[in-house]
>>> print(open('query24.csv').read())   # CSV, C-alpha atoms (C1' of nucleotides)
chain,number,residue,atom,x,y,z
Q,4,MET,CA,-25.3,9.5,-12.6
Q,5,VAL,CA,-25.5,11.5,-9.3
Q,6,ARG,CA,-29.1,10.5,-9.1
Q,7,GLU,CA,-28.3,6.8,-9.5
Q,8,LEU,CA,-25.7,6.9,-6.8
Q,9,LEU,CA,-28.0,8.7,-4.4
Q,10,GLU,CA,-30.9,6.3,-5.1
Q,11,ALA,CA,-28.7,3.4,-4.5
Q,12,LEU,CA,-27.6,4.8,-1.2
Q,13,ASP,CA,-31.2,5.4,-0.3
Q,14,GLN,CA,-32.0,1.8,-1.2
Q,15,ALA,CA,-29.1,0.6,0.9
Q,16,GLY,CA,-30.9,2.0,3.9
Q,17,VAL,CA,-28.3,4.6,4.9
Q,18,ARG,CA,-28.7,8.3,5.5
Q,19,LEU,CA,-28.4,10.8,2.8
Q,20,THR,CA,-26.0,13.2,4.4
Q,21,GLY,CA,-24.6,16.3,2.9
Q,22,GLN,CA,-21.1,14.7,2.6
Q,23,ARG,CA,-22.5,11.8,0.7
Q,24,ARG,CA,-24.3,14.0,-1.7
Q,25,ASP,CA,-21.2,16.1,-2.3
Q,26,LEU,CA,-19.1,13.0,-2.8
Q,27,ALA,CA,-21.6,11.5,-5.2
Q,28,ALA,CA,-21.4,14.7,-7.2
Q,29,LEU,CA,-17.6,14.6,-7.2
Q,30,ILE,CA,-17.6,11.0,-8.4
Q,31,ALA,CA,-20.2,11.7,-11.1
Q,32,ARG,CA,-18.1,14.4,-12.6
Q,33,ARG,CA,-15.0,12.3,-12.8
Q,34,GLN,CA,-14.0,10.6,-16.0
Q,35,GLY,CA,-12.4,7.2,-15.9
Q,36,HIS,CA,-10.8,5.9,-12.7
Q,37,PHE,CA,-9.9,7.8,-9.7
Q,38,THR,CA,-8.4,7.2,-6.3
Q,39,ALA,CA,-9.6,8.1,-2.8
Q,40,ALA,CA,-6.9,10.7,-2.8
Q,41,ASP,CA,-8.3,12.3,-6.0
Q,42,LEU,CA,-11.7,12.7,-4.3
Q,43,LEU,CA,-10.1,14.2,-1.3
Q,44,ALA,CA,-8.3,16.7,-3.4
Q,45,ASP,CA,-11.4,17.5,-5.4
Q,46,ALA,CA,-13.3,18.1,-2.1
Q,47,GLU,CA,-10.5,20.4,-0.9
Q,48,LYS,CA,-10.4,22.3,-4.1
Q,49,ARG,CA,-14.1,23.1,-3.7
Q,50,SER,CA,-13.7,23.9,0.0
Q,51,LEU,CA,-15.9,21.0,0.9
Q,52,SER,CA,-14.6,19.8,4.2
Q,53,ILE,CA,-14.9,16.0,4.0
Q,54,GLY,CA,-12.8,13.8,6.2
Q,55,ARG,CA,-10.6,11.0,4.8
Q,56,ALA,CA,-12.5,8.4,6.7
Q,57,THR,CA,-15.7,9.6,5.2
Q,58,VAL,CA,-14.4,9.1,1.7
Q,59,PHE,CA,-13.2,5.6,2.3
Q,60,ARG,CA,-16.4,4.8,4.0
Q,61,LEU,CA,-18.5,6.0,1.1
Q,62,LEU,CA,-16.3,4.1,-1.4
Q,63,GLU,CA,-16.8,1.0,0.6
Q,64,LEU,CA,-20.5,1.5,0.7
Q,65,LEU,CA,-20.6,2.0,-3.1
Q,66,ALA,CA,-18.4,-1.0,-3.6
Q,67,ASP,CA,-20.8,-3.1,-1.6
Q,68,GLN,CA,-23.6,-1.9,-3.9
Q,69,ASN,CA,-21.4,-2.7,-6.9
Q,70,LEU,CA,-21.7,0.9,-8.1
Q,71,VAL,CA,-18.1,1.4,-7.9
Q,72,GLU,CA,-15.4,-1.2,-8.5
Q,73,ARG,CA,-11.9,-1.4,-7.3
Q,74,VAL,CA,-9.3,-1.9,-10.0
Q,75,ASP,CA,-5.6,-2.5,-9.6
Q,76,LEU,CA,-3.5,-0.4,-12.0
Q,77,PRO,CA,-0.5,-2.1,-13.6
Q,78,ASP,CA,1.7,0.0,-11.3
Q,79,GLY,CA,0.2,-1.5,-8.3
Q,80,ARG,CA,-2.0,1.4,-7.2
Q,81,HIS,CA,-5.6,1.0,-6.3
Q,82,ALA,CA,-8.3,3.0,-8.1
Q,83,TYR,CA,-12.0,3.0,-8.3
Q,84,VAL,CA,-14.3,3.0,-11.3
Q,85,PRO,CA,-18.0,3.9,-11.3
Q,86,CYS,CA,-19.8,1.2,-13.1
Q,87,GLU,CA,-22.9,-0.9,-13.8
Q,88,PRO,CA,-23.8,-3.3,-11.0
Q,89,SER,CA,-23.7,-6.4,-13.3
Q,90,HIS,CA,-20.7,-8.6,-13.6
Q,91,HIS,CA,-18.3,-7.4,-16.2
Q,92,HIS,CA,-14.7,-6.4,-16.7
Q,93,HIS,CA,-12.8,-3.3,-17.4
Q,94,LEU,CA,-10.7,-2.0,-20.2
Q,95,VAL,CA,-8.4,0.6,-18.8
Q,96,CYS,CA,-6.6,3.2,-21.0
Q,97,VAL,CA,-3.0,3.5,-19.9
Q,98,SER,CA,-2.7,6.9,-21.5
Q,99,CYS,CA,-5.7,8.8,-20.3
Q,100,GLY,CA,-7.2,6.5,-17.7
Q,101,ALA,CA,-10.5,6.2,-19.6
Q,102,ILE,CA,-12.5,3.1,-18.7
Q,103,SER,CA,-14.7,0.9,-20.8
Q,104,GLU,CA,-16.8,-2.0,-19.7
Q,105,VAL,CA,-16.9,-5.3,-21.4
Q,106,ASP,CA,-19.1,-8.2,-20.5
Q,107,ASP,CA,-17.9,-11.7,-20.1
Q,108,CYS,CA,-17.9,-12.8,-23.8
Q,109,GLY,CA,-16.3,-16.2,-23.3
Q,110,ILE,CA,-14.4,-16.0,-20.0
Q,111,ASP,CA,-16.6,-18.6,-18.4
Q,112,ALA,CA,-15.3,-21.2,-20.8
Q,113,VAL,CA,-11.7,-20.2,-19.8
Q,114,THR,CA,-12.4,-20.5,-16.1
Q,115,ALA,CA,-14.2,-23.8,-16.6
Q,116,GLU,CA,-11.2,-25.2,-18.4
Q,117,ALA,CA,-8.9,-23.9,-15.8
Q,118,ALA,CA,-11.0,-25.5,-13.1
Q,119,ARG,CA,-11.0,-28.8,-14.9
Q,120,ARG,CA,-7.3,-28.8,-15.3
Q,121,SER,CA,-6.4,-27.7,-11.8
Q,122,GLY,CA,-9.1,-29.3,-9.7
Q,123,PHE,CA,-9.9,-25.9,-8.1
Q,124,GLU,CA,-13.4,-24.9,-7.3
Q,125,ILE,CA,-13.5,-21.5,-8.8
Q,126,GLN,CA,-15.5,-18.9,-6.9
Q,127,SER,CA,-14.7,-15.6,-8.6
Q,128,HIS,CA,-12.4,-14.1,-11.1
Q,129,ARG,CA,-11.0,-10.8,-12.1
Q,130,LEU,CA,-9.9,-9.8,-15.6
Q,131,GLU,CA,-8.4,-6.5,-16.3
Q,132,LEU,CA,-7.4,-5.3,-19.8
Q,133,PHE,CA,-4.9,-2.5,-20.3
Q,134,GLY,CA,-4.3,-0.7,-23.5
Q,135,ARG,CA,-5.1,2.5,-25.3
Q,136,CYS,CA,-8.5,3.9,-26.0
Q,137,PRO,CA,-9.5,4.9,-29.5
Q,138,ARG,CA,-9.0,8.6,-28.8
Q,139,CYS,CA,-5.5,8.2,-27.5
Q,140,GLN,CA,-4.6,6.0,-30.5
Q,141,ASN,CA,-5.6,8.9,-32.7
Q,142,VAL,CA,-3.7,11.5,-30.8
Q,143,GLU,CA,-0.4,9.6,-31.1
Q,144,PRO,CA,-0.8,6.5,-33.2
Q,145,ARG,CA,1.5,3.5,-32.6
Q,146,GLN,CA,3.2,4.9,-29.6
B,103,MET,CA,14.0,-23.6,-6.6
B,104,VAL,CA,16.7,-21.7,-4.7
B,105,ARG,CA,19.1,-22.6,-7.4
B,106,GLU,CA,16.8,-21.2,-10.1
B,107,LEU,CA,16.4,-18.0,-8.3
B,108,LEU,CA,20.1,-17.6,-7.7
B,109,GLU,CA,21.0,-18.5,-11.3
B,110,ALA,CA,18.5,-16.0,-12.6
B,111,LEU,CA,20.0,-13.3,-10.4
B,112,ASP,CA,23.4,-14.2,-11.7
B,113,GLN,CA,22.2,-14.0,-15.2
B,114,ALA,CA,20.7,-10.6,-14.5
B,115,GLY,CA,24.2,-9.4,-13.8
B,116,VAL,CA,23.8,-8.5,-10.2
B,117,ARG,CA,25.9,-9.6,-7.2
B,118,LEU,CA,25.1,-12.7,-5.3
B,119,THR,CA,25.2,-11.3,-1.8
B,120,GLY,CA,24.5,-13.0,1.4
B,121,GLN,CA,21.2,-11.3,1.9
B,122,ARG,CA,20.1,-12.3,-1.6
B,123,ARG,CA,20.9,-15.9,-0.9
B,124,ASP,CA,19.1,-15.8,2.4
B,125,LEU,CA,16.1,-14.2,0.8
B,126,ALA,CA,16.0,-16.7,-2.0
B,127,ALA,CA,16.0,-19.5,0.5
B,128,LEU,CA,13.2,-17.9,2.4
B,129,ILE,CA,11.1,-17.5,-0.8
B,130,ALA,CA,11.8,-21.1,-1.9
B,131,ARG,CA,10.5,-22.5,1.3
B,132,ARG,CA,7.3,-20.6,1.2
B,133,GLN,CA,4.1,-22.2,-0.1
B,134,GLY,CA,1.7,-20.2,-2.1
B,135,HIS,CA,1.7,-16.4,-2.0
B,136,PHE,CA,3.5,-14.2,0.5
B,137,THR,CA,3.9,-10.6,1.2
B,138,ALA,CA,7.0,-8.5,1.7
B,139,ALA,CA,6.1,-8.4,5.4
B,140,ASP,CA,6.0,-12.2,5.5
B,141,LEU,CA,9.6,-12.4,4.3
B,142,LEU,CA,10.6,-9.8,6.7
B,143,ALA,CA,9.0,-11.8,9.5
B,144,ASP,CA,10.7,-15.0,8.3
B,145,ALA,CA,14.0,-13.3,8.3
B,146,GLU,CA,13.5,-11.9,11.8
B,147,LYS,CA,12.5,-15.4,13.1
B,148,ARG,CA,15.8,-16.8,11.9
B,149,SER,CA,17.8,-13.9,13.2
B,150,LEU,CA,18.8,-12.9,9.7
B,151,SER,CA,19.1,-9.2,9.8
B,152,ILE,CA,17.8,-8.0,6.4
B,153,GLY,CA,16.5,-4.5,5.9
B,154,ARG,CA,13.1,-3.7,4.6
B,155,ALA,CA,14.5,-1.9,1.6
B,156,THR,CA,16.5,-5.0,0.7
B,157,VAL,CA,13.4,-7.1,0.6
B,158,PHE,CA,11.6,-4.8,-1.6
B,159,ARG,CA,14.6,-4.4,-3.8
B,160,LEU,CA,14.9,-8.1,-4.3
B,161,LEU,CA,11.3,-8.6,-5.0
B,162,GLU,CA,11.5,-5.9,-7.7
B,163,LEU,CA,14.5,-7.6,-9.2
B,164,LEU,CA,12.7,-11.0,-9.3
B,165,ALA,CA,9.6,-9.4,-10.7
B,166,ASP,CA,11.7,-7.8,-13.5
B,167,GLN,CA,13.0,-11.3,-14.2
B,168,ASN,CA,9.4,-12.7,-14.1
B,169,LEU,CA,10.4,-15.1,-11.4
B,170,VAL,CA,7.9,-13.7,-9.1
B,171,GLU,CA,4.7,-12.0,-9.9
B,172,ARG,CA,2.6,-9.6,-8.0
B,173,VAL,CA,-1.0,-10.6,-7.4
B,174,ASP,CA,-3.8,-8.5,-5.9
B,175,LEU,CA,-5.8,-10.5,-3.4
B,176,PRO,CA,-9.5,-10.0,-3.4
B,177,ASP,CA,-9.2,-8.0,-0.2
B,178,GLY,CA,-7.0,-5.5,-1.9
B,179,ARG,CA,-3.7,-6.6,-0.4
B,180,HIS,CA,-0.6,-7.2,-2.6
B,181,ALA,CA,1.2,-10.5,-2.5
B,182,TYR,CA,3.9,-12.1,-4.5
B,183,VAL,CA,4.0,-15.5,-6.1
B,184,PRO,CA,7.0,-17.4,-7.3
B,185,CYS,CA,6.3,-18.6,-10.8
B,186,GLU,CA,7.5,-19.7,-14.2
B,187,PRO,CA,8.7,-16.8,-16.4
B,188,SER,CA,6.3,-17.5,-19.2
B,189,HIS,CA,3.0,-15.7,-19.5
B,190,HIS,CA,0.2,-17.3,-17.6
B,191,HIS,CA,-2.3,-16.7,-14.9
B,192,HIS,CA,-2.9,-17.7,-11.3
B,193,LEU,CA,-5.5,-19.6,-9.5
B,194,VAL,CA,-5.4,-18.5,-5.8
B,195,CYS,CA,-6.9,-20.6,-3.1
B,196,VAL,CA,-8.9,-18.3,-0.8
B,197,SER,CA,-8.7,-20.8,2.1
B,198,CYS,CA,-5.0,-21.7,2.3
B,199,GLY,CA,-3.4,-19.4,-0.2
B,200,ALA,CA,-2.1,-22.1,-2.5
B,201,ILE,CA,-1.3,-21.0,-6.0
B,202,SER,CA,-1.7,-22.9,-9.2
B,203,GLU,CA,-0.6,-21.6,-12.6
B,204,VAL,CA,-2.7,-21.9,-15.7
B,205,ASP,CA,-1.8,-21.0,-19.2
B,206,ASP,CA,-3.8,-18.8,-21.5
B,207,CYS,CA,-6.2,-21.5,-22.8
B,208,GLY,CA,-8.4,-19.2,-24.7
B,209,ILE,CA,-8.0,-15.8,-23.2
B,210,ASP,CA,-6.6,-14.3,-26.3
B,211,ALA,CA,-9.9,-14.8,-28.1
B,212,VAL,CA,-11.6,-13.0,-25.3
B,213,THR,CA,-9.3,-10.0,-25.4
B,214,ALA,CA,-9.5,-9.9,-29.2
B,215,GLU,CA,-13.3,-9.7,-29.0
B,216,ALA,CA,-13.1,-7.0,-26.3
B,217,ALA,CA,-10.8,-5.0,-28.5
B,218,ARG,CA,-13.0,-5.3,-31.5
B,219,ARG,CA,-16.1,-4.2,-29.6
B,220,SER,CA,-14.4,-1.3,-27.7
B,221,GLY,CA,-11.9,0.0,-30.3
B,222,PHE,CA,-9.2,-0.3,-27.6
B,223,GLU,CA,-5.7,-1.4,-28.6
B,224,ILE,CA,-5.0,-3.9,-25.9
B,225,GLN,CA,-1.5,-4.1,-24.6
B,226,SER,CA,-1.7,-6.4,-21.6
B,227,HIS,CA,-4.2,-8.2,-19.4
B,228,ARG,CA,-4.4,-9.7,-16.1
B,229,LEU,CA,-6.6,-12.6,-15.1
B,230,GLU,CA,-6.8,-13.8,-11.5
B,231,LEU,CA,-9.0,-16.7,-10.5
B,232,PHE,CA,-10.0,-17.2,-6.9
B,233,GLY,CA,-11.5,-20.3,-5.4
B,234,ARG,CA,-10.6,-23.4,-3.3
B,235,CYS,CA,-7.9,-25.8,-4.1
B,236,PRO,CA,-8.6,-29.6,-4.2
B,237,ARG,CA,-7.1,-30.1,-0.7
B,238,CYS,CA,-9.3,-27.4,0.9
B,239,GLN,CA,-12.3,-28.8,-0.8
B,240,ASN,CA,-11.7,-32.2,0.9
B,241,VAL,CA,-11.0,-30.7,4.3
B,242,GLU,CA,-14.3,-28.9,4.4
B,243,PRO,CA,-16.5,-29.7,1.4
B,244,ARG,CA,-19.0,-27.1,0.1
B,245,GLN,CA,-18.0,-24.5,2.6
T,161,DC,C1',-40.2,19.0,17.0
T,162,DT,C1',-37.8,15.4,19.4
T,163,DC,C1',-34.9,11.8,20.1
T,164,DA,C1',-32.5,7.7,19.2
T,165,DT,C1',-29.2,6.5,16.2
T,166,DA,C1',-26.3,6.9,12.1
T,167,DT,C1',-22.6,9.6,10.6
T,168,DT,C1',-18.8,12.6,10.8
T,169,DG,C1',-13.9,14.4,11.3
T,170,DA,C1',-9.6,15.1,13.7
T,171,DG,C1',-6.0,12.9,14.4
T,172,DA,C1',-3.5,8.9,16.1
T,173,DC,C1',-2.2,4.8,14.3
T,174,DT,C1',-0.9,1.0,11.0
T,175,DT,C1',1.0,-1.0,6.9
T,176,DA,C1',3.2,-0.8,2.4
T,177,DG,C1',6.6,1.0,0.1
T,178,DT,C1',10.4,4.6,-1.2
T,179,DC,C1',14.5,7.2,-0.5
T,180,DT,C1',19.1,8.7,1.2
T,181,DC,C1',23.6,8.2,2.3
T,182,DA,C1',27.4,6.5,4.8
T,183,DA,C1',29.3,2.1,5.6
T,184,DC,C1',30.1,-2.3,3.7
T,185,DT,C1',31.0,-6.3,0.5
T,186,DC,C1',31.4,-8.5,-3.8
T,187,DT,C1',34.2,-9.5,-7.8
T,188,DG,C1',37.3,-8.8,-11.7
T,189,DG,C1',41.9,-7.6,-12.5
T,190,DT,C1',46.5,-8.1,-11.1
W,293,DA,C1',45.7,-13.2,-2.3
W,294,DC,C1',44.9,-8.4,-2.6
W,295,DC,C1',42.9,-4.1,-4.1
W,296,DA,C1',39.9,-0.9,-5.7
W,297,DG,C1',35.8,0.6,-7.4
W,298,DA,C1',31.3,-0.3,-8.2
W,299,DG,C1',27.2,-2.6,-6.5
W,300,DT,C1',24.6,-3.4,-2.3
W,301,DT,C1',23.0,-2.8,2.3
W,302,DG,C1',20.4,-1.0,6.5
W,303,DA,C1',18.8,2.6,9.6
W,304,DG,C1',15.6,5.4,9.8
W,305,DA,C1',13.1,9.4,7.9
W,306,DC,C1',9.5,9.9,4.9
W,307,DT,C1',5.2,9.3,2.0
W,308,DA,C1',0.8,7.4,0.9
W,309,DA,C1',-3.0,4.5,1.7
W,310,DG,C1',-6.1,3.1,4.7
W,311,DT,C1',-8.2,2.0,9.5
W,312,DC,C1',-9.8,3.2,14.0
W,313,DT,C1',-11.7,5.8,18.0
W,314,DC,C1',-14.6,8.7,20.2
W,315,DA,C1',-16.8,12.9,21.1
W,316,DA,C1',-19.7,16.0,18.6
W,317,DT,C1',-23.2,16.5,15.1
W,318,DA,C1',-26.9,15.7,11.7
W,319,DT,C1',-30.6,12.8,10.0
W,320,DG,C1',-35.2,11.3,9.6
W,321,DA,C1',-38.9,8.4,11.8
W,322,DG,C1',-42.6,9.2,14.5
>>> encode(input="query24.csv", output="structure tokens")
Amino acid sequence: MVRELLEALDQAGVRLTGQRRDLAALIARRQGHFTAADLLADAEKRSLSIGRATVFRLLELLADQNLVERVDLPDGRHAYVPCEPSHHHHLVCVSCGAISEVDDCGIDAVTAEAARRSGFEIQSHRLELFGRCPRCQNVEPRQ
Amino acid sequence: MVRELLEALDQAGVRLTGQRRDLAALIARRQGHFTAADLLADAEKRSLSIGRATVFRLLELLADQNLVERVDLPDGRHAYVPCEPSHHHHLVCVSCGAISEVDDCGIDAVTAEAARRSGFEIQSHRLELFGRCPRCQNVEPRQ
DNA sequence: CTCATATTGAGACTTAGTCTCAACTCTGGT
DNA sequence: ACCAGAGTTGAGACTAAGTCTCAATATGAG
């Protein structure tokens, strides 16, 4: 995972600096979604001195490469999720934050129908699913 | 529209204060989505002195009543949309900000399939569609 | 190794939103 | 119409997220 991130950065034609390697490692060892503040805290915990601006800049870079995606949590906060670069959607566990990816499986029909009804020319869409992952269901069933 | 907002507030068992009436009027005369800052600016323009906290408090109230919904624009900003209280999704025009509502028309099948594949227990979902509304398509076709 | 250039970080700044608390204003009861 | 008490308000401090600037630094092509 670290390797993929670094390779992608390399392919993007940017420099592989120490900070970027460190951040890639921090992202790789994260489970589920995380915020910019999480990364900053991780870096601090390991005495890596990385500026706030650098974190946001890297996240933007990775987002441009579709290696990380921005999701909006139900409470309105922004988080990032490392993911495959192909188009897909996310299932977010509201208990533990775990993320699972799902592919389109039928959304296109829905958007086409919506376009037909409304007259809109649809350019993009975003679907986020919130619920509980299998593990959290086992821990405390039928919460 | 103003009337609906005020009635809903009344039903929610809260007081109908001058500020709430003013804000309801400002929301009613807005087209498409708006941000809290927009309302604040509107209020200032009309020399209505309404505090920032009051605006956020009213938006929260209306959101609780499902009379307003929070949408996350593609650029990451938060906006609010006045809407029907039933479950539905939004089409957002990226040119002019116009909003159109669409009902589920098939999403449930998609979420059910995603749940089956992932093992998640899905509690809620959010679908946002971005594109250009019919009017903007006419103004500048095939942008 | 060198040098042009990309990158970095400190910190000021902006924007969104929350919180507190004293002052104010609805509204139901009389 | 009046009162009292509970709900509401606004100023402004505060927090968090994110952006921007610019001098100093690190990278990597040659």
>>> residues_around(input="query24.csv", residues="stretch 27-31 of chain Q", least_positions_apart="6", cutoff="10 Å", atoms="all atoms listed in the file", output="PyMOL selection string")
chain Q and resi 4-9+12+21+37+41-43+45-46+49+61-62+65+71+83-85
>>> closest_residue(input="query24.csv", among="B:Ser220, B:Gln133, B:Thr156, B:Gln239", to="chain T", atoms="only C-alpha atoms (C1' of nucleotides)")
B:Thr156
>>> atom_distance(input="query24.csv", atom1="atom CA of Q:Cys136", atom2="atom CA of B:Asp210")
18.3 Å
>>> atom_distance(input="query24.csv", atom1="atom CA of Q:Asp13", atom2="atom C1' of T:DT168")
18.1 Å
>>> interface_residues(input="query24.csv", of="chain B", to="chain W", cutoff="9 Å", atoms="all atoms listed in the file", output="PyMOL selection string")
chain B and resi 116-117+119+121+151-156
>>> write_last_selection(input="query24.csv", atoms="C-alpha atoms", output="CSV table (one decimal), keeping the file's coordinate frame")
chain,number,residue,atom,x,y,z
B,116,VAL,CA,23.8,-8.5,-10.2
B,117,ARG,CA,25.9,-9.6,-7.2
B,119,THR,CA,25.2,-11.3,-1.8
B,121,GLN,CA,21.2,-11.3,1.9
B,151,SER,CA,19.1,-9.2,9.8
B,152,ILE,CA,17.8,-8.0,6.4
B,153,GLY,CA,16.5,-4.5,5.9
B,154,ARG,CA,13.1,-3.7,4.6
B,155,ALA,CA,14.5,-1.9,1.6
B,156,THR,CA,16.5,-5.0,0.7
>>> atom_distance(input="query24.csv", atom1="atom CA of Q:Gly109", atom2="atom CA of Q:Asp67")
25.7 Å
>>> closest_atom_pairs(input="query24.csv", of="chain T", to="chain Q", cutoff="10 Å", atoms="all atoms listed in the file", output="CSV")
residue,atom,partner,partner_atom,distance
T:DA166,C1',Q:Arg18,CA,7.2
T:DT167,C1',Q:Thr20,CA,7.9
T:DT168,C1',Q:Thr57,CA,7.1
T:DG169,C1',Q:Gly54,CA,5.3
T:DA170,C1',Q:Gly54,CA,8.3
>>> interface_residues(input="query24.csv", of="chain B", to="chain Q", cutoff="8 Å", atoms="all atoms listed in the file", output="short mmCIF file (atom, residue, chain, number, x, y, z; two decimals) with C-alpha atoms, keeping the file's coordinate frame")
data_model
loop_
_atom_site.label_atom_id
_atom_site.label_comp_id
_atom_site.auth_asym_id
_atom_site.auth_seq_id
_atom_site.Cartn_x
_atom_site.Cartn_y
_atom_site.Cartn_z
CA ASP B 174 -3.80 -8.50 -5.90
CA GLY B 178 -7.00 -5.50 -1.90
CA LEU B 193 -5.50 -19.60 -9.50
CA CYS B 195 -6.90 -20.60 -3.10
CA SER B 202 -1.70 -22.90 -9.20
CA VAL B 204 -2.70 -21.90 -15.70
CA CYS B 207 -6.20 -21.50 -22.80
CA GLY B 208 -8.40 -19.20 -24.70
CA ILE B 209 -8.00 -15.80 -23.20
CA VAL B 212 -11.60 -13.00 -25.30
CA THR B 213 -9.30 -10.00 -25.40
CA GLU B 215 -13.30 -9.70 -29.00
CA ALA B 216 -13.10 -7.00 -26.30
CA SER B 220 -14.40 -1.30 -27.70
CA GLY B 221 -11.90 0.00 -30.30
CA PHE B 222 -9.20 -0.30 -27.60
CA GLU B 223 -5.70 -1.40 -28.60
CA ILE B 224 -5.00 -3.90 -25.90
CA GLN B 225 -1.50 -4.10 -24.60
CA SER B 226 -1.70 -6.40 -21.60
CA HIS B 227 -4.20 -8.20 -19.40
CA ARG B 228 -4.40 -9.70 -16.10
CA LEU B 229 -6.60 -12.60 -15.10
CA GLU B 230 -6.80 -13.80 -11.50
CA LEU B 231 -9.00 -16.70 -10.50
CA PHE B 232 -10.00 -17.20 -6.90
CA GLY B 233 -11.50 -20.30 -5.40
CA ARG B 234 -10.60 -23.40 -3.30
CA CYS B 235 -7.90 -25.80 -4.10
CA PRO B 236 -8.60 -29.60 -4.20
CA GLN B 239 -12.30 -28.80 -0.80
#
>>> build_atoms(input="query24.csv", residues="stretch 184-202 of chain B", atoms="N, CA and C atoms", output="compact mmCIF listing (two decimals), keeping the file's coordinate frame")
# COMPACT_ATOMS: atom_id res chain seq x y z
N PRO B 184 5.94 -16.91 -6.44
CA PRO B 184 7.00 -17.40 -7.30
C PRO B 184 6.43 -18.14 -8.45
N CYS B 185 6.97 -17.96 -9.64
CA CYS B 185 6.30 -18.60 -10.80
C CYS B 185 7.27 -18.75 -11.98
N GLU B 186 6.80 -19.49 -12.93
CA GLU B 186 7.50 -19.70 -14.20
C GLU B 186 7.55 -18.32 -14.94
N PRO B 187 8.62 -18.10 -15.69
CA PRO B 187 8.70 -16.80 -16.40
C PRO B 187 7.82 -16.63 -17.58
N SER B 188 7.12 -17.68 -18.02
CA SER B 188 6.30 -17.50 -19.20
C SER B 188 4.94 -16.85 -18.81
N HIS B 189 4.26 -16.34 -19.81
CA HIS B 189 3.00 -15.70 -19.50
C HIS B 189 1.94 -16.69 -19.11
N HIS B 190 1.24 -16.37 -18.07
CA HIS B 190 0.20 -17.30 -17.60
C HIS B 190 -0.61 -16.58 -16.55
N HIS B 191 -1.49 -17.29 -15.91
CA HIS B 191 -2.30 -16.70 -14.90
C HIS B 191 -2.37 -17.52 -13.66
N HIS B 192 -2.91 -16.95 -12.60
CA HIS B 192 -2.90 -17.70 -11.30
C HIS B 192 -4.25 -18.01 -10.80
N LEU B 193 -4.30 -19.18 -10.22
CA LEU B 193 -5.50 -19.60 -9.50
C LEU B 193 -5.03 -19.47 -8.00
N VAL B 194 -5.79 -18.75 -7.23
CA VAL B 194 -5.40 -18.50 -5.80
C VAL B 194 -6.46 -19.17 -4.94
N CYS B 195 -6.00 -20.01 -4.03
CA CYS B 195 -6.90 -20.60 -3.10
C CYS B 195 -7.22 -19.64 -1.97
N VAL B 196 -8.51 -19.34 -1.80
CA VAL B 196 -8.90 -18.30 -0.80
C VAL B 196 -8.81 -18.90 0.62
N SER B 197 -8.74 -20.23 0.74
CA SER B 197 -8.70 -20.80 2.10
C SER B 197 -7.22 -20.88 2.57
N CYS B 198 -6.35 -21.49 1.77
CA CYS B 198 -5.00 -21.70 2.30
C CYS B 198 -3.96 -20.89 1.56
N GLY B 199 -4.35 -20.20 0.49
CA GLY B 199 -3.40 -19.40 -0.20
C GLY B 199 -2.55 -20.08 -1.24
N ALA B 200 -2.81 -21.37 -1.44
CA ALA B 200 -2.10 -22.10 -2.50
C ALA B 200 -2.26 -21.46 -3.82
N ILE B 201 -1.25 -21.59 -4.65
CA ILE B 201 -1.30 -21.00 -6.00
C ILE B 201 -1.12 -22.08 -7.01
N SER B 202 -1.86 -21.96 -8.07
CA SER B 202 -1.70 -22.90 -9.20
C SER B 202 -1.59 -22.02 -10.44
